Amino acid sequence: MKDFSFLIGGKAGDGIKQAGHFLAQLFNELGFNIFIYEDYQSLITGGHNFSIIRASDKKISNHKQKVDFIIAFNKDAVEKHQENLKKETIIIYDSDAIQKQDLPKQYKAVAFPMSNVLKQRGLPLIVRNAVSLGILAGVLKIDFELVKKIITNSVHKKIEENIKVAEIGYKEGLEHKNGFDIEKIKNKPGKILTGNEAIALGAVKAGMKFYFAYPMTPASGILHYLAANEEKFGIKAIHPENEISVALMAEGAAFAGKRAMVGTSGGGFALMVEALSLAGQAEIPVVFVLSQRSGPATGIPTYTSQADLLFSIFAGHGEFLKIVVAPGDADEAFYLTAEAMNLSWKYQTPAIILSDKHLSESIFSAYYDENKVKIEEPKLWVKKGEYKRYLITKDGISPLAFPGDKNAIVKATSYEHDESGITSETAEDAEKMNEKRLNKKATLIKELKKKKTINVFGNKKSKNILIVWGSTKGVAVEVAENLGLKVIQPMFIEPFPVEQIKKELKGAKKIIDVEANATGQLAYILKANGIDIDEKILKYDGRPFTVEELEEKIKKIIK
Amino acid sequence: MSRELDIKTTKTWCPGCANFTIEAIFKSALMDLEKEGLDLSKVVVLSGIGCHGKISDYLNLNSFYSLHGRAIPAAEGIKLANKDLIPIVFVGDGDAYGEGVEHLIFAAKRNTNINVFVHNNRVYGLTTGQFAPTSPEKFKGKSTPKGSVEEPINPIELMLASKAAFVARGYTSKTEHLKDLMKQALHHKGFSFIDILQPCLSYFDTREFYNEKIYEMENQDVSNFNAAMEKALEWDYNNGDKIPIGVFYKQKKLTFEEKIWRLQ
């Protein structure tokens, strides 16, 4: 197996992200699969940032704790990362920023005066990312032409100067012998993108015309990406006064016939919950992206968490159909967002995409097939007779018409109502309309039985079963493969695919629930559906699981 | 082709409520505009929650009966999605000046091309008589039995400060005048705002007070911001001898939607 991990560390403003992207492109060109974990704090300059870039010949959606290389722009990048070192780790460092005696002696190191090389040429320190790319490519004996290509493609200013200093670094790197042998892998390179970008692309492909959002980490990436690509996608990205307005504008747009999505994190979603309930009552299709971060309240804004699962399925006063999906990697983010958009319109009800910092902001190699996604038309009014917005039908779904139609009067309302959408407080209408709305759920459950709502990975015969959701999928699958276990990952959380899960759990000896929260929220849903968990492995420190720590914990349980 | 604007349903406003007047004036204004070529199928009535909101149920027009305070952003979404639609937003004083005041301010700031008509009776009606953002100081309501200790908001001043492009005040007993204001607002391209003073016969009967103090502005230079502000401060919803009604300010500028779509 070919699997390499690199840690790049420095302070905010050092261009750590860019350095990581350089490496990702380098290995992508060589046919590797990429995953980048980005760790940063809620500040603009200073602090300590790092990225872990992993390149593998197999599909990955998680990082490892132990790395093969550290690229250090300052002392912290080594000192704060003792846990990431293993015997073979090679440290490449800026010898103008770090003294040799400050490094642990047992490791191989490549010292290079990065800062001075740049200073002599009047280049800013951020260009250390190009220098270090050169050094690393040299150490790994990768063709310099590839380095040139990557810099040319990603740097906008002083390209020649960037290439020149990368070449100086490259020559230094070539001098160092090591056991690594990087060869091109025969593998079609994937698209390198973040989970947020995959969500945005899935929505666009499913016909989204408006994205409304108020900035909030870790969902802001969707807003930035869509705002920068409005023309390309034929959409509008709008940033209103707050999340309440965000949700209501989206519902207004949907009422007028345009597909809309909104995005936020837990705090912003809390403000949207009133509008979520309106979408349920008025039967307005809107997709809500809830990208979780460490909470409660402001929490740790730039760190991850899976603690809003129950919040999402129980959000909104009253009882109505919600669709909640939880993608585990970029490919699923693309497909499930598109699916959520189509289902939201088909069932005229809100859908929620549960993401988190680890999925939203990490970088993946994605292989989804755009052509598999189509805009599915909802049930439209056939323009015969008097239009009734909330017509009672067998499947609970009333035909849609939009204002502006000369033959229809379209009335949406937050009140309980009759079939025409006029307020009604009668017992009969209350009962009828509640049943109509819930009838849509029965129809949806029937439809979902024909769709893939859960994933099963690993050793499918194993009686030791990990059950996970969302961004914990990647690490769990890898650990399961290492230890010969089975993994079940529900992609739909609401309606919950209980039958499908029960089928896969038949004969299980030990069911282990793995989640990045403190109480085991998926376990709670499983319990409510009559499935008992044997063990829970929970992590709630804002950091995602690494392969090593999860493997160790599971070994203790199944030993 | 003209259509019946009434939906046959029981109207549950109190007998003699000024909401009947607002509804009747609005229908009459719409019929006039229809003669001028307005396509009624393009009209979307929105309302918040409060006595005013029932208007959505009573009009045979497209409608979006929103949440308390949340009619304005829904109207903005509608206008963004389909520029041919004409959102007309009926809101209450608690609705627009309390619960959803941020949306009012931002809709004015953006100059989104919607019409906002505020049923301002300066009291909470549907929740049975509490003080409102525009109630005078010392107002005794169910939540302020010893009298409100807050100064009222002056919506005209607020809207002028928020860069609203069309700012007017009407009074339900001046029916022809109010109808004319509504028509002017509907003709105006951009954010149009009318604060409609109305009595609440159940909880704050201001008829005598208004009949004595209200006068129609004449020869007001509606393009002059400072003059508008000066007039706005003549009565601050608390003190003042006279209450001017009419158009305070009117400015032509590009709308939010025009700017958003032009950027493409």
# chains A, B, ... in the order shown; residues from 1 in each chain; ligands from 1

call {"tool": "interface_residues", "arguments": {"of": "chain A", "to": "chain B", "cutoff": "10 Å", "atoms": "only C-alpha atoms", "output": "PyMOL selection string"}}
result
chain A and resi 209-210+212+230-231+234-238+240-242+244-260+274-275+277-278+282+402-415+417+420-424

call {"tool": "closest_residue", "arguments": {"among": "B:Phe204, B:Tyr171, B:Tyr237, B:Phe191", "to": "Glu216 of chain B", "atoms": "only C-alpha atoms"}}
result
B:Tyr171

call {"tool": "residues_around", "arguments": {"residues": "segment 77-87 of chain A", "least_positions_apart": "2", "cutoff": "12 Å", "atoms": "only C-alpha atoms", "output": "JSON, numbers by chain"}}
result
{"A": [5, 6, 7, 8, 9, 10, 11, 12, 14, 16, 47, 48, 49, 50, 51, 52, 63, 64, 65, 66, 67, 68, 69, 70, 71, 72, 73, 74, 75, 89, 90, 91, 92, 93, 94, 97, 98, 99, 100, 102, 103, 104, 105, 106, 107, 108, 109, 546, 548, 549]}

call {"tool": "write_last_selection", "arguments": {"atoms": "N, CA and C atoms", "output": "compact mmCIF listing (two decimals), in the first residue's frame"}}
result
# COMPACT_ATOMS: atom_id res chain seq x y z
N SER A 5 1.66 10.61 4.71
CA SER A 5 1.03 11.74 5.40
C SER A 5 2.06 12.83 5.66
N PHE A 6 1.58 14.05 5.51
CA PHE A 6 2.44 15.23 5.69
C PHE A 6 1.75 16.20 6.61
N LEU A 7 2.50 16.77 7.53
CA LEU A 7 1.93 17.82 8.38
C LEU A 7 2.66 19.12 8.06
N ILE A 8 1.92 20.16 7.76
CA ILE A 8 2.52 21.47 7.53
C ILE A 8 2.03 22.39 8.64
N GLY A 9 2.97 23.02 9.35
CA GLY A 9 2.55 23.85 10.47
C GLY A 9 3.23 25.21 10.48
N GLY A 10 2.50 26.18 11.01
CA GLY A 10 3.03 27.54 11.14
C GLY A 10 1.97 28.39 11.79
N LYS A 11 2.08 29.71 11.66
CA LYS A 11 1.03 30.53 12.25
C LYS A 11 0.05 30.98 11.18
N ALA A 12 -1.11 31.45 11.63
CA ALA A 12 -2.10 31.95 10.67
C ALA A 12 -1.46 33.06 9.86
N ASP A 14 0.68 32.33 7.41
CA ASP A 14 1.85 31.73 6.79
C ASP A 14 1.53 31.01 5.47
N ILE A 16 -0.44 28.23 5.23
CA ILE A 16 -0.45 26.79 5.48
C ILE A 16 -1.42 26.08 4.53
N GLY A 47 -1.32 32.74 16.22
CA GLY A 47 -1.83 31.43 16.64
C GLY A 47 -1.03 30.30 16.02
N HIS A 48 -1.62 29.12 16.02
CA HIS A 48 -0.94 27.98 15.40
C HIS A 48 -1.90 27.24 14.49
N ASN A 49 -1.54 27.14 13.22
CA ASN A 49 -2.36 26.43 12.24
C ASN A 49 -1.59 25.24 11.72
N PHE A 50 -2.30 24.19 11.41
CA PHE A 50 -1.63 23.12 10.67
C PHE A 50 -2.60 22.37 9.77
N SER A 51 -2.04 21.77 8.73
CA SER A 51 -2.81 20.91 7.85
C SER A 51 -2.15 19.55 7.85
N ILE A 52 -2.96 18.50 7.84
CA ILE A 52 -2.39 17.17 7.60
C ILE A 52 -2.88 16.73 6.23
N HIS A 63 -7.79 11.41 7.93
CA HIS A 63 -6.34 11.56 8.05
C HIS A 63 -5.82 10.59 9.10
N LYS A 64 -4.49 10.50 9.16
CA LYS A 64 -3.85 9.69 10.18
C LYS A 64 -3.16 10.62 11.15
N GLN A 65 -2.95 10.12 12.35
CA GLN A 65 -2.25 10.94 13.33
C GLN A 65 -0.75 10.97 13.03
N LYS A 66 -0.18 9.81 12.77
CA LYS A 66 1.27 9.73 12.54
C LYS A 66 1.59 10.14 11.11
N VAL A 67 2.59 11.00 10.97
CA VAL A 67 2.91 11.51 9.64
C VAL A 67 4.32 11.10 9.22
N ASP A 68 4.55 11.07 7.92
CA ASP A 68 5.86 10.72 7.38
C ASP A 68 6.77 11.95 7.29
N PHE A 69 6.14 13.10 7.08
CA PHE A 69 6.92 14.34 6.98
C PHE A 69 6.25 15.44 7.79
N ILE A 70 7.09 16.27 8.42
CA ILE A 70 6.57 17.52 8.95
C ILE A 70 7.27 18.64 8.21
N ILE A 71 6.51 19.58 7.71
CA ILE A 71 7.11 20.79 7.14
C ILE A 71 6.85 21.90 8.15
N ALA A 72 7.92 22.40 8.73
CA ALA A 72 7.77 23.32 9.86
C ALA A 72 8.22 24.72 9.48
N PHE A 73 7.30 25.67 9.61
CA PHE A 73 7.64 27.07 9.38
C PHE A 73 8.01 27.77 10.68
N ASN A 74 7.70 27.14 11.81
CA ASN A 74 8.14 27.68 13.10
C ASN A 74 8.27 26.54 14.11
N LYS A 75 8.74 26.90 15.31
CA LYS A 75 9.04 25.91 16.35
C LYS A 75 7.80 25.12 16.77
N THR A 89 9.65 9.61 10.79
CA THR A 89 9.25 10.95 10.35
C THR A 89 10.47 11.81 9.96
N ILE A 90 10.36 12.48 8.85
CA ILE A 90 11.41 13.40 8.41
C ILE A 90 10.89 14.83 8.60
N ILE A 91 11.71 15.66 9.23
CA ILE A 91 11.29 17.04 9.49
C ILE A 91 11.99 17.98 8.50
N ILE A 92 11.21 18.66 7.69
CA ILE A 92 11.75 19.66 6.78
C ILE A 92 11.46 21.01 7.41
N TYR A 93 12.48 21.80 7.68
CA TYR A 93 12.19 23.02 8.42
C TYR A 93 12.96 24.24 7.92
N ASP A 94 12.39 25.38 8.24
CA ASP A 94 13.02 26.66 7.89
C ASP A 94 14.08 26.95 8.95
N ALA A 97 14.03 30.06 11.02
CA ALA A 97 12.97 30.25 12.02
C ALA A 97 13.11 29.28 13.19
N ILE A 98 13.85 28.19 12.96
CA ILE A 98 13.97 27.16 14.00
C ILE A 98 15.45 26.81 14.17
N GLN A 99 15.91 26.76 15.42
CA GLN A 99 17.29 26.34 15.71
C GLN A 99 17.35 24.82 15.71
N LYS A 100 18.48 24.32 15.22
CA LYS A 100 18.64 22.87 15.15
C LYS A 100 18.47 22.21 16.53
N ASP A 102 16.59 22.95 18.83
CA ASP A 102 15.20 22.89 19.28
C ASP A 102 14.46 21.67 18.75
N LEU A 103 15.08 20.95 17.83
CA LEU A 103 14.40 19.80 17.25
C LEU A 103 14.75 18.53 18.02
N PRO A 104 13.80 17.62 18.14
CA PRO A 104 14.15 16.33 18.76
C PRO A 104 15.22 15.65 17.90
N LYS A 105 16.26 15.13 18.57
CA LYS A 105 17.44 14.70 17.84
C LYS A 105 17.27 13.40 17.05
N GLN A 106 16.34 12.55 17.48
CA GLN A 106 16.28 11.22 16.88
C GLN A 106 15.70 11.19 15.47
N TYR A 107 15.24 12.35 14.97
CA TYR A 107 14.59 12.33 13.66
C TYR A 107 15.49 12.86 12.56
N LYS A 108 15.27 12.29 11.36
CA LYS A 108 15.96 12.84 10.19
C LYS A 108 15.40 14.22 9.93
N ALA A 109 16.29 15.12 9.52
CA ALA A 109 15.79 16.47 9.28
C ALA A 109 16.43 17.06 8.03
N THR A 546 -8.81 10.06 14.82
CA THR A 546 -7.78 9.62 13.88
C THR A 546 -7.81 8.09 13.87
N GLU A 548 -5.48 5.95 14.31
CA GLU A 548 -4.75 5.30 15.41
C GLU A 548 -5.57 5.25 16.69
N GLU A 549 -6.18 6.38 17.07
CA GLU A 549 -6.89 6.38 18.36
C GLU A 549 -8.15 5.53 18.31

call {"tool": "select_by_dssp", "arguments": {"residues": "segment 283-486 of chain A", "states": "alpha helix (DSSP H)", "output": "PyMOL selection string"}}
result
chain A and resi 309-314+330-347+357-360+427-448+473-483

call {"tool": "write_last_selection", "arguments": {"atoms": "C-alpha atoms", "output": "short mmCIF file (atom, residue, chain, number, x, y, z; two decimals), in the first residue's frame"}}
result
data_model
loop_
_atom_site.label_atom_id
_atom_site.label_comp_id
_atom_site.auth_asym_id
_atom_site.auth_seq_id
_atom_site.Cartn_x
_atom_site.Cartn_y
_atom_site.Cartn_z
CA LEU A 309 -28.18 15.19 15.15
CA LEU A 310 -31.08 15.21 17.59
CA PHE A 311 -31.47 18.97 17.23
CA SER A 312 -31.91 18.53 13.47
CA ILE A 313 -34.51 15.78 13.58
CA PHE A 314 -36.49 17.40 16.39
CA ALA A 330 -17.43 14.66 -0.64
CA ASP A 331 -19.04 12.21 -3.06
CA GLU A 332 -21.94 11.61 -0.71
CA ALA A 333 -22.16 15.35 -0.02
CA PHE A 334 -22.71 15.89 -3.75
CA TYR A 335 -25.24 13.10 -4.24
CA LEU A 336 -27.17 13.52 -1.00
CA THR A 337 -27.51 17.29 -1.40
CA ALA A 338 -28.95 16.78 -4.87
CA GLU A 339 -31.19 14.04 -3.52
CA ALA A 340 -32.34 16.23 -0.63
CA MET A 341 -33.19 19.05 -3.05
CA ASN A 342 -35.21 16.76 -5.31
CA LEU A 343 -37.01 15.08 -2.42
CA SER A 344 -37.70 18.40 -0.72
CA TRP A 345 -39.51 19.55 -3.88
CA LYS A 346 -41.22 16.26 -4.50
CA TYR A 347 -42.60 16.15 -0.95
CA LYS A 357 -16.51 21.10 10.14
CA HIS A 358 -14.66 17.90 9.37
CA LEU A 359 -16.71 17.24 6.23
CA SER A 360 -17.36 20.85 5.20
CA ALA A 427 -61.39 20.09 14.43
CA GLU A 428 -62.08 18.43 11.11
CA ASP A 429 -59.57 20.50 9.12
CA ALA A 430 -56.94 20.24 11.87
CA GLU A 431 -57.14 16.46 11.82
CA LYS A 432 -57.35 16.19 8.03
CA MET A 433 -54.38 18.46 7.39
CA ASN A 434 -52.16 16.85 10.04
CA GLU A 435 -52.91 13.51 8.45
CA LYS A 436 -52.26 14.86 4.98
CA ARG A 437 -48.83 16.17 5.98
CA LEU A 438 -47.89 12.97 7.78
CA ASN A 439 -49.20 10.93 4.89
CA LYS A 440 -46.34 12.39 2.86
CA LYS A 441 -43.98 10.66 5.27
CA ALA A 442 -45.59 7.30 4.64
CA THR A 443 -45.23 7.90 0.90
CA LEU A 444 -41.60 8.91 1.30
CA ILE A 445 -40.76 5.87 3.42
CA LYS A 446 -42.16 3.70 0.65
CA GLU A 447 -39.99 5.48 -1.91
CA LEU A 448 -36.87 5.28 0.26
CA LYS A 473 -17.49 7.28 8.23
CA GLY A 474 -14.00 7.57 6.71
CA VAL A 475 -12.03 6.77 9.82
CA ALA A 476 -14.42 4.01 10.87
CA VAL A 477 -14.21 2.29 7.51
CA GLU A 478 -10.43 2.33 7.57
CA VAL A 479 -10.25 0.95 11.08
CA ALA A 480 -12.83 -1.70 10.24
CA GLU A 481 -10.81 -2.78 7.23
CA ASN A 482 -7.67 -2.98 9.36
CA LEU A 483 -9.41 -5.06 12.04
#

call {"tool": "closest_residue", "arguments": {"among": "A:Ile150, A:Ala206, A:Val117, A:Leu193", "to": "Tyr225 of chain A", "atoms": "only C-alpha atoms"}}
result
A:Leu193

call {"tool": "select_by_dssp", "arguments": {"residues": "segment 27-253 of chain A", "states": "strand (DSSP E or B)", "output": "MDAnalysis selection string"}}
result
chainID A and resid 33:39 46:56 69:72 90:94 108:112 191:194 210:213 236:238

call {"tool": "write_last_selection", "arguments": {"atoms": "N, CA and C atoms", "output": "tab-separated table (two decimals), in the first residue's frame"}}
result
chain	number	residue	atom	x	y	z
A	33	ASN	N	-5.08	9.38	-4.13
A	33	ASN	CA	-6.26	9.96	-3.49
A	33	ASN	C	-5.80	10.88	-2.38
A	34	ILE	N	-6.54	11.97	-2.21
A	34	ILE	CA	-6.10	13.00	-1.26
A	34	ILE	C	-7.12	13.17	-0.14
A	35	PHE	N	-6.61	13.46	1.03
A	35	PHE	CA	-7.47	14.00	2.09
A	35	PHE	C	-6.67	15.04	2.84
A	36	ILE	N	-7.27	16.20	3.09
A	36	ILE	CA	-6.57	17.21	3.90
A	36	ILE	C	-7.45	17.58	5.09
A	37	TYR	N	-6.85	17.48	6.26
A	37	TYR	CA	-7.49	17.96	7.48
A	37	TYR	C	-6.87	19.31	7.81
A	38	GLU	N	-7.71	20.32	7.99
A	38	GLU	CA	-7.18	21.64	8.31
A	38	GLU	C	-7.55	22.02	9.73
A	39	ASP	N	-6.55	22.36	10.51
A	39	ASP	CA	-6.77	22.71	11.91
A	39	ASP	C	-6.35	24.17	12.09
A	46	GLY	N	-1.41	35.01	13.41
A	46	GLY	CA	-0.81	34.48	14.64
A	46	GLY	C	-1.37	33.12	14.96
A	47	GLY	N	-1.32	32.74	16.22
A	47	GLY	CA	-1.83	31.43	16.64
A	47	GLY	C	-1.03	30.30	16.02
A	48	HIS	N	-1.62	29.12	16.02
A	48	HIS	CA	-0.94	27.98	15.40
A	48	HIS	C	-1.90	27.24	14.49
A	49	ASN	N	-1.54	27.14	13.22
A	49	ASN	CA	-2.36	26.43	12.24
A	49	ASN	C	-1.59	25.24	11.72
A	50	PHE	N	-2.30	24.19	11.41
A	50	PHE	CA	-1.63	23.12	10.67
A	50	PHE	C	-2.60	22.37	9.77
A	51	SER	N	-2.04	21.77	8.73
A	51	SER	CA	-2.81	20.91	7.85
A	51	SER	C	-2.15	19.55	7.85
A	52	ILE	N	-2.96	18.50	7.84
A	52	ILE	CA	-2.39	17.17	7.60
A	52	ILE	C	-2.88	16.73	6.23
A	53	ILE	N	-1.91	16.48	5.34
A	53	ILE	CA	-2.24	16.07	3.98
A	53	ILE	C	-1.93	14.59	3.89
A	54	ARG	N	-2.89	13.83	3.45
A	54	ARG	CA	-2.66	12.40	3.29
A	54	ARG	C	-2.87	12.03	1.83
A	55	ALA	N	-1.96	11.23	1.30
A	55	ALA	CA	-2.07	10.77	-0.08
A	55	ALA	C	-2.02	9.26	-0.04
A	56	SER	N	-2.97	8.62	-0.72
A	56	SER	CA	-3.02	7.16	-0.63
A	56	SER	C	-3.41	6.57	-1.98
A	69	PHE	N	6.14	13.10	7.08
A	69	PHE	CA	6.92	14.34	6.98
A	69	PHE	C	6.25	15.44	7.79
A	70	ILE	N	7.09	16.27	8.42
A	70	ILE	CA	6.57	17.52	8.95
A	70	ILE	C	7.27	18.64	8.21
A	71	ILE	N	6.51	19.58	7.71
A	71	ILE	CA	7.11	20.79	7.14
A	71	ILE	C	6.85	21.90	8.15
A	72	ALA	N	7.92	22.40	8.73
A	72	ALA	CA	7.77	23.32	9.86
A	72	ALA	C	8.22	24.72	9.48
A	90	ILE	N	10.36	12.48	8.85
A	90	ILE	CA	11.41	13.40	8.41
A	90	ILE	C	10.89	14.83	8.60
A	91	ILE	N	11.71	15.66	9.23
A	91	ILE	CA	11.29	17.04	9.49
A	91	ILE	C	11.99	17.98	8.50
A	92	ILE	N	11.21	18.66	7.69
A	92	ILE	CA	11.75	19.66	6.78
A	92	ILE	C	11.46	21.01	7.41
A	93	TYR	N	12.48	21.80	7.68
A	93	TYR	CA	12.19	23.02	8.42
A	93	TYR	C	12.96	24.24	7.92
A	94	ASP	N	12.39	25.38	8.24
A	94	ASP	CA	13.02	26.66	7.89
A	94	ASP	C	14.08	26.95	8.95
A	108	LYS	N	15.27	12.29	11.36
A	108	LYS	CA	15.96	12.84	10.19
A	108	LYS	C	15.40	14.22	9.93
A	109	ALA	N	16.29	15.12	9.52
A	109	ALA	CA	15.79	16.47	9.28
A	109	ALA	C	16.43	17.06	8.03
A	110	VAL	N	15.69	17.91	7.36
A	110	VAL	CA	16.21	18.65	6.22
A	110	VAL	C	16.12	20.12	6.58
A	111	ALA	N	17.31	20.73	6.83
A	111	ALA	CA	17.33	22.14	7.20
A	111	ALA	C	17.51	22.97	5.95
A	112	PHE	N	16.74	24.05	5.84
A	112	PHE	CA	16.92	24.93	4.69
A	112	PHE	C	16.55	26.36	5.08
A	191	LYS	N	-11.58	14.92	-8.56
A	191	LYS	CA	-11.66	16.37	-8.37
A	191	LYS	C	-11.25	16.63	-6.93
A	192	ILE	N	-10.39	17.64	-6.74
A	192	ILE	CA	-9.99	17.96	-5.37
A	192	ILE	C	-10.91	19.07	-4.87
A	193	LEU	N	-11.72	18.74	-3.89
A	193	LEU	CA	-12.63	19.78	-3.40
A	193	LEU	C	-13.02	19.56	-1.94
A	194	THR	N	-13.54	20.61	-1.33
A	194	THR	CA	-13.99	20.51	0.05
A	194	THR	C	-15.40	19.93	0.09
A	210	PHE	N	-31.06	29.88	-5.95
A	210	PHE	CA	-30.70	30.88	-4.94
A	210	PHE	C	-30.06	30.20	-3.74
A	211	TYR	N	-28.97	30.80	-3.29
A	211	TYR	CA	-28.39	30.37	-2.01
A	211	TYR	C	-28.41	31.58	-1.09
A	212	PHE	N	-29.05	31.42	0.04
A	212	PHE	CA	-29.11	32.50	1.03
A	212	PHE	C	-28.33	32.06	2.26
A	213	ALA	N	-27.47	32.93	2.78
A	213	ALA	CA	-26.72	32.56	3.98
A	213	ALA	C	-26.18	33.78	4.69
A	236	LYS	N	-27.79	32.92	-7.81
A	236	LYS	CA	-27.48	34.10	-7.01
A	236	LYS	C	-27.20	33.66	-5.58
A	237	ALA	N	-26.14	34.20	-5.02
A	237	ALA	CA	-25.83	33.95	-3.61
A	237	ALA	C	-26.07	35.26	-2.86
A	238	ILE	N	-26.98	35.22	-1.91
A	238	ILE	CA	-27.41	36.45	-1.22
A	238	ILE	C	-27.11	36.34	0.27

call {"tool": "closest_residue", "arguments": {"among": "B:Pro244, B:Pro136, B:Gly50, B:Pro145", "to": "Asp95 of chain B", "atoms": "only C-alpha atoms"}}
result
B:Gly50

call {"tool": "residues_around", "arguments": {"residues": "segment 459-472 of chain A", "least_positions_apart": "5", "cutoff": "9 Å", "atoms": "only C-alpha atoms", "output": "number ranges by chain"}}
result
A: 61-62, 306, 325-329, 354-359, 477, 480-481, 483-491, 493, 504-516, 522-523, 544-545, 558

call {"tool": "residues_around", "arguments": {"residues": "Val123 of chain B", "least_positions_apart": "5", "cutoff": "8 Å", "atoms": "only C-alpha atoms", "output": "ChimeraX atom specification"}}
result
/B:93-94,129-132,134-135,200,203-204

call {"tool": "residues_around", "arguments": {"residues": "segment 15-28 of chain B", "least_positions_apart": "6", "cutoff": "9 Å", "atoms": "only C-alpha atoms", "output": "compact mmCIF listing (two decimals) with C-alpha atoms, in the first residue's frame"}}
result
# COMPACT_ATOMS: atom_id res chain seq x y z
CA LEU B 5 -61.54 40.34 -4.90
CA ASP B 6 -63.46 39.01 -1.93
CA CYS B 51 -55.33 41.24 13.53
CA HIS B 52 -54.06 42.78 10.28
CA ILE B 55 -56.37 40.18 5.22
CA TYR B 58 -60.05 37.62 2.89
CA LEU B 59 -58.59 38.55 -0.48
CA HIS B 119 -51.60 48.70 10.22
CA THR B 172 -57.98 55.21 8.05
CA SER B 173 -60.62 57.92 8.42
CA THR B 175 -60.14 57.20 3.00
CA GLU B 176 -59.64 58.97 -0.33
CA LEU B 178 -55.20 56.83 1.97
CA LYS B 179 -56.31 55.31 -1.31
CA MET B 182 -51.60 53.35 -1.71
CA LYS B 183 -51.77 54.02 -5.42
CA ILE B 196 -51.31 53.72 8.43
CA GLN B 198 -55.82 53.39 12.75
CA PRO B 199 -57.78 53.26 15.99
CA CYS B 200 -58.31 49.98 17.82
CA LEU B 201 -61.87 50.14 19.09
CA SER B 202 -61.24 47.39 21.62

call {"tool": "closest_residue", "arguments": {"among": "B:Leu160, B:Leu197, B:Ala96, B:Ile245", "to": "Ala228 of chain B", "atoms": "only C-alpha atoms"}}
result
B:Leu160
